[in-house]
$ cat input_37.tsv   # TSV, C-alpha atoms (C1' of nucleotides) and all ligand atoms
chain	number	residue	atom	x	y	z
A	1280	MET	CA	0.00	0.00	0.00
A	1281	SER	CA	1.72	3.13	-1.18
A	1282	LEU	CA	0.66	6.73	-0.80
A	1283	ILE	CA	2.63	7.81	-3.84
A	1284	ASN	CA	1.98	6.47	-7.31
A	1285	ARG	CA	4.19	6.44	-10.35
A	1286	ASP	CA	2.89	9.69	-11.79
A	1287	THR	CA	3.55	11.62	-8.60
A	1288	ASP	CA	6.93	10.00	-8.25
A	1289	TYR	CA	7.95	10.95	-11.78
A	1290	ALA	CA	6.60	14.46	-11.28
A	1291	ILE	CA	8.79	14.91	-8.21
A	1292	LYS	CA	11.84	13.58	-10.01
A	1293	ALA	CA	11.24	15.90	-12.95
A	1294	LEU	CA	10.55	18.99	-10.86
A	1295	CYS	CA	13.57	18.33	-8.70
A	1296	PHE	CA	15.80	17.96	-11.72
A	1297	MET	CA	14.45	21.18	-13.19
A	1298	ALA	CA	15.00	23.00	-9.92
A	1299	LYS	CA	18.66	22.08	-10.09
A	1300	GLN	CA	19.03	23.59	-13.59
A	1301	ASN	CA	18.59	27.12	-12.32
A	1302	LYS	CA	16.12	28.92	-14.55
A	1303	GLU	CA	17.10	27.09	-17.70
A	1304	LYS	CA	14.34	26.13	-20.04
A	1305	LEU	CA	14.26	22.39	-20.62
A	1306	LYS	CA	12.54	20.30	-23.23
A	1307	VAL	CA	11.10	16.88	-22.55
A	1308	SER	CA	13.90	15.11	-24.36
A	1309	ASP	CA	16.47	16.68	-22.02
A	1310	LEU	CA	14.63	15.33	-19.02
A	1311	THR	CA	13.93	11.94	-20.46
A	1312	ARG	CA	17.63	11.45	-21.07
A	1313	ALA	CA	18.54	12.37	-17.51
A	1314	LEU	CA	15.71	10.67	-15.70
A	1315	LYS	CA	15.26	7.53	-17.79
A	1316	ILE	CA	11.50	8.02	-17.89
A	1317	PRO	CA	9.76	7.04	-21.17
A	1318	TYR	CA	9.40	10.12	-23.35
A	1319	PRO	CA	5.63	10.11	-24.00
A	1320	PHE	CA	4.83	9.31	-20.40
A	1321	LEU	CA	7.03	12.04	-19.03
A	1322	ARG	CA	5.56	14.42	-21.55
A	1323	LYS	CA	2.06	13.70	-20.33
A	1324	ILE	CA	3.16	14.37	-16.79
A	1325	LEU	CA	4.87	17.65	-17.66
A	1326	GLN	CA	1.77	18.77	-19.53
A	1327	ALA	CA	-0.28	18.10	-16.42
A	1328	LEU	CA	2.21	20.01	-14.29
A	1329	HIS	CA	1.88	22.90	-16.70
A	1330	LYS	CA	-1.90	22.73	-16.66
A	1331	HIS	CA	-1.86	22.98	-12.88
A	1332	GLY	CA	0.54	25.88	-12.75
A	1333	PHE	CA	3.71	24.19	-11.56
A	1334	LEU	CA	5.46	24.76	-14.87
A	1335	ALA	CA	5.51	27.48	-17.51
A	1336	ALA	CA	5.62	26.20	-21.07
A	1337	SER	CA	6.74	27.71	-24.35
A	1338	LYS	CA	5.65	26.10	-27.56
A	1339	GLY	CA	7.39	25.92	-30.89
A	1340	LYS	CA	10.99	25.44	-31.88
A	1341	GLY	CA	13.33	26.09	-28.96
A	1342	GLY	CA	10.44	25.78	-26.57
A	1343	GLY	CA	10.27	23.81	-23.38
A	1344	PHE	CA	9.30	23.89	-19.72
A	1345	ILE	CA	10.53	25.86	-16.76
A	1346	LEU	CA	9.48	26.03	-13.12
A	1347	ALA	CA	6.66	28.48	-12.62
A	1348	ARG	CA	7.01	28.62	-8.83
A	1349	SER	CA	9.77	28.76	-6.32
A	1350	PRO	CA	10.71	25.27	-5.13
A	1351	ARG	CA	9.72	26.33	-1.64
A	1352	ARG	CA	6.17	26.85	-2.86
A	1353	ILE	CA	5.81	23.40	-4.32
A	1354	PHE	CA	4.26	21.06	-1.76
A	1355	LEU	CA	4.10	17.31	-1.86
A	1356	ASN	CA	0.43	17.18	-0.95
A	1357	ASP	CA	-0.40	19.42	-3.92
A	1358	LEU	CA	1.36	17.06	-6.28
A	1359	ILE	CA	-0.48	14.11	-4.78
A	1360	LEU	CA	-3.71	16.03	-5.27
A	1361	VAL	CA	-3.00	16.57	-8.95
A	1362	PHE	CA	-2.01	13.02	-9.80
A	1363	GLN	CA	-3.97	10.95	-7.32
A	1364	GLY	CA	-6.94	13.05	-6.35
A	1365	PRO	CA	-7.86	14.11	-2.82
A	1366	LEU	CA	-6.42	11.96	-0.07
A	1367	LYS	CA	-9.08	10.47	2.09
A	1368	LEU	CA	-9.13	7.54	4.43
A	1369	ASN	CA	-12.67	6.26	4.21
A	1370	ASN	CA	-15.95	8.01	4.63
A	1371	CYS	CA	-17.77	5.45	6.66
A	1372	PHE	CA	-16.58	2.05	7.78
A	1373	LEU	CA	-19.87	0.92	9.13
A	1374	ASN	CA	-23.25	0.67	7.54
A	1375	LYS	CA	-26.48	1.83	9.08
A	1376	LYS	CA	-27.13	-1.44	10.86
A	1377	ILE	CA	-24.03	-0.89	12.92
A	1378	CYS	CA	-23.46	2.83	13.01
A	1379	PRO	CA	-26.61	4.70	12.13
A	1380	ASP	CA	-25.62	8.11	13.43
A	1381	VAL	CA	-23.31	9.50	10.79
A	1382	ASN	CA	-23.13	12.94	12.29
A	1383	SER	CA	-22.02	12.18	15.81
A	1384	CYS	CA	-19.73	9.32	14.86
A	1385	LEU	CA	-16.60	9.37	16.98
A	1386	LEU	CA	-14.79	7.07	14.58
A	1387	ARG	CA	-15.38	9.36	11.67
A	1388	ARG	CA	-13.97	12.26	13.64
A	1389	LYS	CA	-10.86	10.33	14.61
A	1390	ILE	CA	-10.24	9.28	11.04
A	1391	SER	CA	-10.77	12.78	9.80
A	1392	ASP	CA	-8.18	14.00	12.31
A	1393	ILE	CA	-5.64	11.46	11.15
A	1394	GLU	CA	-6.27	12.52	7.59
A	1395	LYS	CA	-5.75	16.18	8.41
A	1396	ARG	CA	-2.51	15.56	10.26
A	1397	LEU	CA	-1.19	13.46	7.40
A	1398	LYS	CA	-2.03	16.15	4.89
A	1399	SER	CA	-0.36	18.88	6.92
A	1400	GLU	CA	2.75	16.76	7.29
A	1401	LEU	CA	2.87	16.13	3.57
A	1402	SER	CA	2.49	19.83	2.94
A	1403	LEU	CA	5.65	20.48	4.92
A	1404	LEU	CA	7.63	18.53	2.35
A	1405	THR	CA	8.54	21.01	-0.35
A	1406	LEU	CA	10.64	20.69	-3.46
A	1407	ASP	CA	12.95	23.09	-1.69
A	1408	SER	CA	13.50	20.63	1.14
A	1409	LEU	CA	14.61	18.11	-1.44
A	1410	MET	CA	17.18	20.55	-2.78
A	1411	ILE	CA	18.53	21.20	0.69
A	1412	ASN	CA	19.01	17.50	0.89
A	1413	GLN	CA	21.05	17.67	-2.29
A	1414	GLU	CA	23.39	20.36	-0.99
A	1415	ARG	CA	24.50	18.24	1.95
A	1416	ARG	CA	25.82	15.25	0.06
B	235	MET	CA	-6.83	8.14	-3.05
B	236	SER	CA	-8.04	6.08	-0.16
B	237	LEU	CA	-6.07	4.40	2.58
B	238	ILE	CA	-8.72	1.77	3.16
B	239	ASN	CA	-9.85	-0.66	0.50
B	240	ARG	CA	-13.02	-2.71	0.29
B	241	ASP	CA	-11.57	-5.81	1.92
B	242	THR	CA	-10.41	-3.89	4.98
B	243	ASP	CA	-13.68	-2.03	5.14
B	244	TYR	CA	-15.72	-5.24	5.04
B	245	ALA	CA	-13.42	-6.83	7.61
B	246	ILE	CA	-14.03	-3.95	10.00
B	247	LYS	CA	-17.79	-4.12	9.47
B	248	ALA	CA	-17.78	-7.86	10.09
B	249	LEU	CA	-15.57	-7.76	13.17
B	250	CYS	CA	-17.58	-4.92	14.62
B	251	PHE	CA	-20.82	-6.78	14.10
B	252	MET	CA	-19.36	-9.89	15.72
B	253	ALA	CA	-18.11	-7.88	18.68
B	254	LYS	CA	-21.66	-6.73	19.31
B	255	GLN	CA	-22.96	-10.33	19.43
B	256	ASN	CA	-21.15	-11.04	22.67
B	257	LYS	CA	-19.39	-14.38	22.37
B	258	GLU	CA	-21.91	-15.92	20.05
B	259	LYS	CA	-20.61	-18.08	17.29
B	260	LEU	CA	-21.73	-16.80	13.91
B	261	LYS	CA	-21.77	-18.39	10.52
B	262	VAL	CA	-21.11	-16.50	7.32
B	263	SER	CA	-24.75	-16.53	6.29
B	264	ASP	CA	-25.72	-14.72	9.51
B	265	LEU	CA	-23.27	-11.95	8.75
B	266	THR	CA	-24.08	-11.69	5.08
B	267	ARG	CA	-27.72	-11.13	5.95
B	268	ALA	CA	-26.93	-8.37	8.42
B	269	LEU	CA	-24.16	-6.64	6.50
B	270	LYS	CA	-25.38	-7.01	2.92
B	271	ILE	CA	-21.98	-8.20	1.76
B	272	PRO	CA	-21.93	-10.89	-0.97
B	273	TYR	CA	-21.68	-14.31	0.66
B	274	PRO	CA	-18.59	-15.73	-1.10
B	275	PHE	CA	-16.67	-12.48	-0.79
B	276	LEU	CA	-17.40	-12.13	2.91
B	277	ARG	CA	-16.46	-15.74	3.38
B	278	LYS	CA	-13.07	-15.17	1.81
B	279	ILE	CA	-12.52	-12.24	4.12
B	280	LEU	CA	-13.51	-14.16	7.23
B	281	GLN	CA	-11.22	-16.99	6.20
B	282	ALA	CA	-8.37	-14.51	5.96
B	283	LEU	CA	-9.25	-13.06	9.36
B	284	HIS	CA	-9.14	-16.58	10.75
B	285	LYS	CA	-5.82	-17.33	9.08
B	286	HIS	CA	-4.32	-14.24	10.70
B	287	GLY	CA	-5.65	-14.99	14.15
B	288	PHE	CA	-8.43	-12.44	14.45
B	289	LEU	CA	-11.11	-15.10	14.43
B	290	ALA	CA	-11.45	-18.62	15.75
B	291	ALA	CA	-13.27	-21.02	13.43
B	292	SER	CA	-15.12	-24.25	13.92
B	293	LYS	CA	-15.83	-26.43	10.94
B	294	GLY	CA	-18.70	-28.75	10.28
B	295	LYS	CA	-22.40	-28.50	10.95
B	296	GLY	CA	-23.18	-25.89	13.55
B	297	GLY	CA	-19.77	-24.35	13.02
B	298	GLY	CA	-18.90	-20.73	12.46
B	299	PHE	CA	-16.60	-17.91	13.48
B	300	ILE	CA	-16.05	-16.07	16.72
B	301	LEU	CA	-13.67	-13.31	17.77
B	302	ALA	CA	-10.33	-14.73	18.86
B	303	ARG	CA	-9.15	-11.50	20.51
B	304	SER	CA	-10.58	-8.84	22.68
B	305	PRO	CA	-11.86	-5.91	20.58
B	306	ARG	CA	-9.38	-3.70	22.36
B	307	ARG	CA	-6.56	-5.79	20.89
B	308	ILE	CA	-7.70	-5.44	17.31
B	309	PHE	CA	-5.94	-2.52	15.66
B	310	LEU	CA	-6.80	-0.82	12.41
B	311	ASN	CA	-3.24	-0.84	11.15
B	312	ASP	CA	-3.09	-4.63	11.60
B	313	LEU	CA	-6.18	-5.07	9.47
B	314	ILE	CA	-4.72	-2.82	6.82
B	315	LEU	CA	-1.56	-4.90	6.93
B	316	VAL	CA	-3.49	-8.12	6.31
B	317	PHE	CA	-5.61	-6.88	3.43
B	318	GLN	CA	-3.45	-4.24	1.81
B	319	GLY	CA	0.09	-5.15	2.72
B	320	PRO	CA	2.55	-2.93	4.55
B	321	LEU	CA	1.77	0.76	4.43
B	322	LYS	CA	4.61	2.68	2.92
B	323	LEU	CA	4.81	6.05	1.30
B	324	ASN	CA	7.51	5.53	-1.26
B	325	ASN	CA	10.95	4.07	-0.98
B	326	CYS	CA	12.82	6.58	-3.03
B	327	PHE	CA	11.51	9.52	-4.96
B	328	LEU	CA	14.70	10.31	-6.72
B	329	ASN	CA	16.98	8.23	-8.85
B	330	LYS	CA	20.73	8.10	-8.55
B	331	LYS	CA	21.30	10.97	-10.94
B	332	ILE	CA	19.54	13.28	-8.53
B	333	CYS	CA	19.94	11.75	-5.11
B	334	PRO	CA	22.80	9.29	-5.12
B	335	ASP	CA	23.26	8.93	-1.38
B	336	VAL	CA	20.47	6.66	-0.26
B	337	ASN	CA	21.70	6.31	3.29
B	338	SER	CA	22.00	9.93	4.34
B	339	CYS	CA	18.91	11.10	2.46
B	340	LEU	CA	17.03	13.68	4.49
B	341	LEU	CA	13.93	13.26	2.37
B	342	ARG	CA	13.80	9.56	3.01
B	343	ARG	CA	14.04	10.17	6.72
B	344	LYS	CA	11.25	12.72	6.69
B	345	ILE	CA	9.00	10.42	4.72
B	346	SER	CA	9.78	7.54	7.00
B	347	ASP	CA	8.82	9.71	9.98
B	348	ILE	CA	5.49	10.62	8.43
B	349	GLU	CA	4.86	6.96	7.73
B	350	LYS	CA	5.62	5.98	11.33
B	351	ARG	CA	3.35	8.63	12.76
B	352	LEU	CA	0.53	7.58	10.47
B	353	LYS	CA	0.94	3.96	11.48
B	354	SER	CA	0.94	4.74	15.17
B	355	GLU	CA	-2.18	6.85	14.78
B	356	LEU	CA	-3.92	4.05	12.93
B	357	SER	CA	-2.90	1.63	15.66
B	358	LEU	CA	-4.76	3.75	18.20
B	359	LEU	CA	-7.99	2.96	16.41
B	360	THR	CA	-9.19	-0.32	17.88
B	361	LEU	CA	-12.33	-2.30	17.31
B	362	ASP	CA	-13.08	-1.42	20.91
B	363	SER	CA	-13.10	2.28	20.11
B	364	LEU	CA	-15.73	1.61	17.48
B	365	MET	CA	-17.89	-0.13	20.05
B	366	ILE	CA	-17.58	2.79	22.45
B	367	ASN	CA	-18.90	4.90	19.64
B	368	GLN	CA	-21.87	2.58	19.41
B	369	GLU	CA	-22.76	2.87	23.08
B	370	ARG	CA	-23.14	6.62	22.88
B	371	ARG	CA	-25.82	6.79	20.24
C	671	DT	C1'	-23.21	-44.49	9.07
C	672	DT	C1'	-25.00	-41.61	5.93
C	673	DT	C1'	-26.03	-36.90	5.10
C	674	DA	C1'	-26.30	-32.04	5.29
C	675	DA	C1'	-24.16	-27.98	6.88
C	676	DA	C1'	-20.45	-25.60	7.88
C	677	DT	C1'	-15.35	-23.86	6.86
C	678	DG	C1'	-10.47	-24.58	4.15
C	679	DA	C1'	-8.17	-23.90	0.08
C	680	DT	C1'	-7.69	-22.33	-4.29
C	681	DA	C1'	-8.54	-21.26	-8.93
C	682	DC	C1'	-11.09	-18.46	-11.68
C	683	DC	C1'	-13.52	-14.33	-13.84
C	684	DA	C1'	-14.89	-9.24	-14.21
C	685	DT	C1'	-14.02	-4.62	-13.57
C	686	DA	C1'	-11.32	-0.58	-12.44
C	687	DT	C1'	-7.13	1.68	-12.08
C	688	DT	C1'	-2.61	2.55	-13.43
C	689	DA	C1'	1.12	2.71	-16.69
C	690	DG	C1'	2.43	3.70	-21.01
C	691	DT	C1'	1.82	4.74	-26.33
C	692	DA	C1'	0.23	6.97	-30.56
C	693	DT	C1'	-1.42	10.63	-33.17
C	694	DC	C1'	-2.84	14.83	-34.83
C	695	DA	C1'	-3.23	19.80	-33.98
C	696	DT	C1'	-0.99	24.11	-32.76
C	697	DT	C1'	2.73	27.21	-32.07
C	698	DT	C1'	7.14	29.33	-33.17
C	699	DG	C1'	12.14	30.16	-34.36
C	700	DT	C1'	14.90	29.74	-38.36
D	1020	DA	C1'	7.92	26.73	-45.78
D	1021	DC	C1'	9.76	23.68	-42.41
D	1022	DA	C1'	11.26	21.50	-38.48
D	1023	DA	C1'	11.00	21.33	-33.62
D	1024	DA	C1'	8.72	21.96	-29.77
D	1025	DT	C1'	4.19	21.55	-26.72
D	1026	DG	C1'	-1.42	20.90	-26.44
D	1027	DA	C1'	-4.93	17.72	-26.48
D	1028	DT	C1'	-6.79	13.43	-26.54
D	1029	DA	C1'	-7.67	8.79	-27.66
D	1030	DC	C1'	-5.97	4.41	-27.37
D	1031	DT	C1'	-3.65	-0.01	-25.58
D	1032	DA	C1'	-1.36	-2.98	-22.04
D	1033	DA	C1'	-0.50	-4.43	-17.51
D	1034	DT	C1'	-1.74	-4.82	-12.86
D	1035	DA	C1'	-4.70	-4.55	-8.83
D	1036	DT	C1'	-9.11	-4.93	-6.96
D	1037	DG	C1'	-13.58	-6.84	-6.39
D	1038	DG	C1'	-16.17	-10.78	-6.67
D	1039	DT	C1'	-17.46	-15.93	-7.96
D	1040	DA	C1'	-17.14	-20.98	-8.32
D	1041	DT	C1'	-15.75	-25.33	-6.91
D	1042	DC	C1'	-14.06	-29.09	-4.59
D	1043	DA	C1'	-12.09	-30.89	-0.28
D	1044	DT	C1'	-12.51	-31.47	4.68
D	1045	DT	C1'	-14.71	-31.53	9.03
D	1046	DT	C1'	-18.56	-32.30	12.18
D	1047	DA	C1'	-23.29	-32.59	14.33
D	1048	DA	C1'	-27.21	-34.97	13.97
D	1049	DA	C1'	-30.86	-37.87	11.74
E	1	LIG	S1	-18.50	4.65	10.74
E	1	LIG	FE1	-19.94	5.48	9.39
E	1	LIG	S2	-21.12	6.77	10.65
E	1	LIG	FE2	-19.75	5.83	12.02
E	2	LIG	S1	15.06	10.26	-2.43
E	2	LIG	FE1	15.95	8.33	-2.80
E	2	LIG	S2	17.87	8.49	-1.73
E	2	LIG	FE2	16.99	10.46	-1.50

$ encode --input "input_37.tsv" --output "structure tokens" --more "lines below"
Ligand code: FES
Ligand code: FES
Amino acid sequence: MSLINRDTDYAIKALCFMAKQNKEKLKVSDLTRALKIPYPFLRKILQALHKHGFLAASKGKGGGFILARSPRRIFLNDLILVFQGPLKLNNCFLNKKICPDVNSCLLRRKISDIEKRLKSELSLLTLDSLMINQERR
Amino acid sequence: MSLINRDTDYAIKALCFMAKQNKEKLKVSDLTRALKIPYPFLRKILQALHKHGFLAASKGKGGGFILARSPRRIFLNDLILVFQGPLKLNNCFLNKKICPDVNSCLLRRKISDIEKRLKSELSLLTLDSLMINQERR
DNA sequence: TTTAAATGATACCATATTAGTATCATTTGT
DNA sequence: ACAAATGATACTAATATGGTATCATTTAAA
């Protein structure tokens, strides 16, 4: 059971790589060489990142992608949101026979709390924090 | 993106229902009536719960299942483990080109911490705590 | 001692999600 | 005009999930 799927993983790899190439515009083929991710798949992911405002794109010859935000404004939970939809545990474990009172359900509240904490922890992981990690090696 | 799949969900429903029938042996058909879960599917799930020590089973005519542990010793994270495998975020976001030092990777440590906290929070949710919820309605 | 009612084990099928590809349209520098 | 890039989108393949079928084994009771 993994919280992070392939799309999100590739997106992180790509964004991180781009963050290292300070401000240089990159085309998909540059990234695919470096990251060993299949060209058309990576392209789809970069297009999605563009669509959601993480990347700026320029079309035509000499075009490519470049980060549209500071790495410290790119949060892991946002990437998960884009590629995997909203994170949620489970609305309701029990059916009416067992737990008829949806509104005052203690279990639901506990689960919702866990979900919120997880989200806030994921939002503390920024692309920036990955770069810091790089500097120390 | 959900942390809980159908199997785990059904397992919780079934265990919870059984916990309410204090100590009474129940056969699959009793549960399937009450929970509206398809008979063969529920049966597979109960068999798995038995295999992993959550239920005791008696075969033959008049047989059935019964809780093998106190509800306060049945933890949500254990059920997730049985039906969805070990919960892990992601081993390694970055490939060698970007993050070559697997051992001293700050990111990995942060992710591992988040994972541990999540697990420990899920382990605080016991079947017992669901029953408490029931009493209050 | 036969039989019916239960679980054990396991193989199978159906559907949904995820991973990856292909293709054509649009833009743009040369 | 043309080639090189992304935009959009439809398609295919592989895997995971959800659910079924079947036969073997055990056991209480007629
Ligand atoms: S678990 Fe669904 S309302 Fe309590
Ligand atoms: S992310 Fe894999 S070693 Fe750092």

$ interface_residues --input "input_37.tsv" --of "chain D" --to "chain A" --cutoff "6 Å" --atoms "all atoms listed in the file" --output "PyMOL selection string"
chain D and resi 1023-1025

$ closest_residue --input "input_37.tsv" --among "A:Ile1353, A:Cys1295, A:Ile1359, A:Ile1390" --to "ligand LIG 1 (chain E)" --atoms "all atoms listed in the file"
A:Ile1390

$ closest_residue --input "input_37.tsv" --among "B:Arg343, B:Arg240, B:Lys247, B:Arg267" --to "ligand LIG 1 (chain E)" --atoms "all atoms listed in the file"
B:Lys247

$ atom_distance --input "input_37.tsv" --atom1 "atom S2 of ligand LIG 1 (chain E)" --atom2 "atom CA of A:Lys1395"
18.2 Å

$ atom_distance --input "input_37.tsv" --atom1 "atom CA of A:Ser1408" --atom2 "atom CA of A:Leu1355"
10.4 Å

$ residues_around --input "input_37.tsv" --residues "A:Leu1346" --least-positions-apart "4" --cutoff "8 Å" --atoms "all atoms listed in the file" --output "PyMOL selection string"
chain A and resi 1294+1297-1298+1302+1333-1335

$ atom_distance --input "input_37.tsv" --atom1 "atom C1' of C:DA686" --atom2 "atom C1' of D:DT1034"
10.5 Å

$ closest_residue --input "input_37.tsv" --among "D:DC1030, D:DA1043, D:DA1049, D:DC1021" --to "C:DA674" --atoms "only C-alpha atoms (C1' of nucleotides)"
D:DA1049

$ axis_aligned_box --input "input_37.tsv" --around "ligand LIG 1 (chain E)" --padding-each-side "8 Å" --output "JSON"
{"center_x": -19.8, "center_y": 5.7, "center_z": 10.7, "size_x": 18.6, "size_y": 18.1, "size_z": 18.6}

$ residues_around --input "input_37.tsv" --residues "C:DA695" --least-positions-apart "4" --cutoff "12 Å" --atoms "only C-alpha atoms (C1' of nucleotides)" --output "PyMOL selection string"
chain D and resi 1025-1028

$ closest_residue --input "input_37.tsv" --among "B:Ala302, B:Ile246, B:Leu260, B:Leu265" --to "chain C" --atoms "only C-alpha atoms (C1' of nucleotides)"
B:Leu260

$ interface_residues --input "input_37.tsv" --of "chain C" --to "chain B" --cutoff "6 Å" --atoms "only C-alpha atoms (C1' of nucleotides)" --output "list of chain:residue names"
C:DA675, C:DA676, C:DT677

$ closest_residue --input "input_37.tsv" --among "B:Lys344, B:Lys322, B:Ala248, B:Leu361" --to "chain A" --atoms "all atoms listed in the file"
B:Lys322

$ closest_residue --input "input_37.tsv" --among "A:Leu1321, A:Leu1366, A:Val1361, A:Ala1327" --to "chain B" --atoms "all atoms listed in the file"
A:Leu1366

$ decode --input "input_37.tsv" --residues "chain C" --atoms "C-alpha atoms (C1' of nucleotides)" --output "mmCIF file, in the first residue's frame"
data_model
loop_
_atom_site.group_PDB
_atom_site.id
_atom_site.type_symbol
_atom_site.label_atom_id
_atom_site.label_comp_id
_atom_site.auth_asym_id
_atom_site.auth_seq_id
_atom_site.Cartn_x
_atom_site.Cartn_y
_atom_site.Cartn_z
ATOM 1 C "C1'" DT C 671 -23.211 -44.485 9.070
ATOM 2 C "C1'" DT C 672 -24.995 -41.610 5.932
ATOM 3 C "C1'" DT C 673 -26.028 -36.896 5.105
ATOM 4 C "C1'" DA C 674 -26.297 -32.040 5.292
ATOM 5 C "C1'" DA C 675 -24.164 -27.980 6.879
ATOM 6 C "C1'" DA C 676 -20.447 -25.600 7.882
ATOM 7 C "C1'" DT C 677 -15.354 -23.862 6.862
ATOM 8 C "C1'" DG C 678 -10.468 -24.584 4.146
ATOM 9 C "C1'" DA C 679 -8.167 -23.896 0.084
ATOM 10 C "C1'" DT C 680 -7.687 -22.326 -4.295
ATOM 11 C "C1'" DA C 681 -8.543 -21.261 -8.925
ATOM 12 C "C1'" DC C 682 -11.090 -18.462 -11.684
ATOM 13 C "C1'" DC C 683 -13.521 -14.326 -13.839
ATOM 14 C "C1'" DA C 684 -14.885 -9.241 -14.212
ATOM 15 C "C1'" DT C 685 -14.016 -4.620 -13.567
ATOM 16 C "C1'" DA C 686 -11.320 -0.584 -12.440
ATOM 17 C "C1'" DT C 687 -7.131 1.680 -12.084
ATOM 18 C "C1'" DT C 688 -2.606 2.554 -13.434
ATOM 19 C "C1'" DA C 689 1.118 2.705 -16.693
ATOM 20 C "C1'" DG C 690 2.429 3.698 -21.013
ATOM 21 C "C1'" DT C 691 1.825 4.742 -26.330
ATOM 22 C "C1'" DA C 692 0.233 6.965 -30.560
ATOM 23 C "C1'" DT C 693 -1.421 10.631 -33.172
ATOM 24 C "C1'" DC C 694 -2.835 14.830 -34.825
ATOM 25 C "C1'" DA C 695 -3.225 19.803 -33.979
ATOM 26 C "C1'" DT C 696 -0.994 24.110 -32.759
ATOM 27 C "C1'" DT C 697 2.732 27.211 -32.072
ATOM 28 C "C1'" DT C 698 7.143 29.332 -33.168
ATOM 29 C "C1'" DG C 699 12.137 30.160 -34.362
ATOM 30 C "C1'" DT C 700 14.903 29.744 -38.358
#
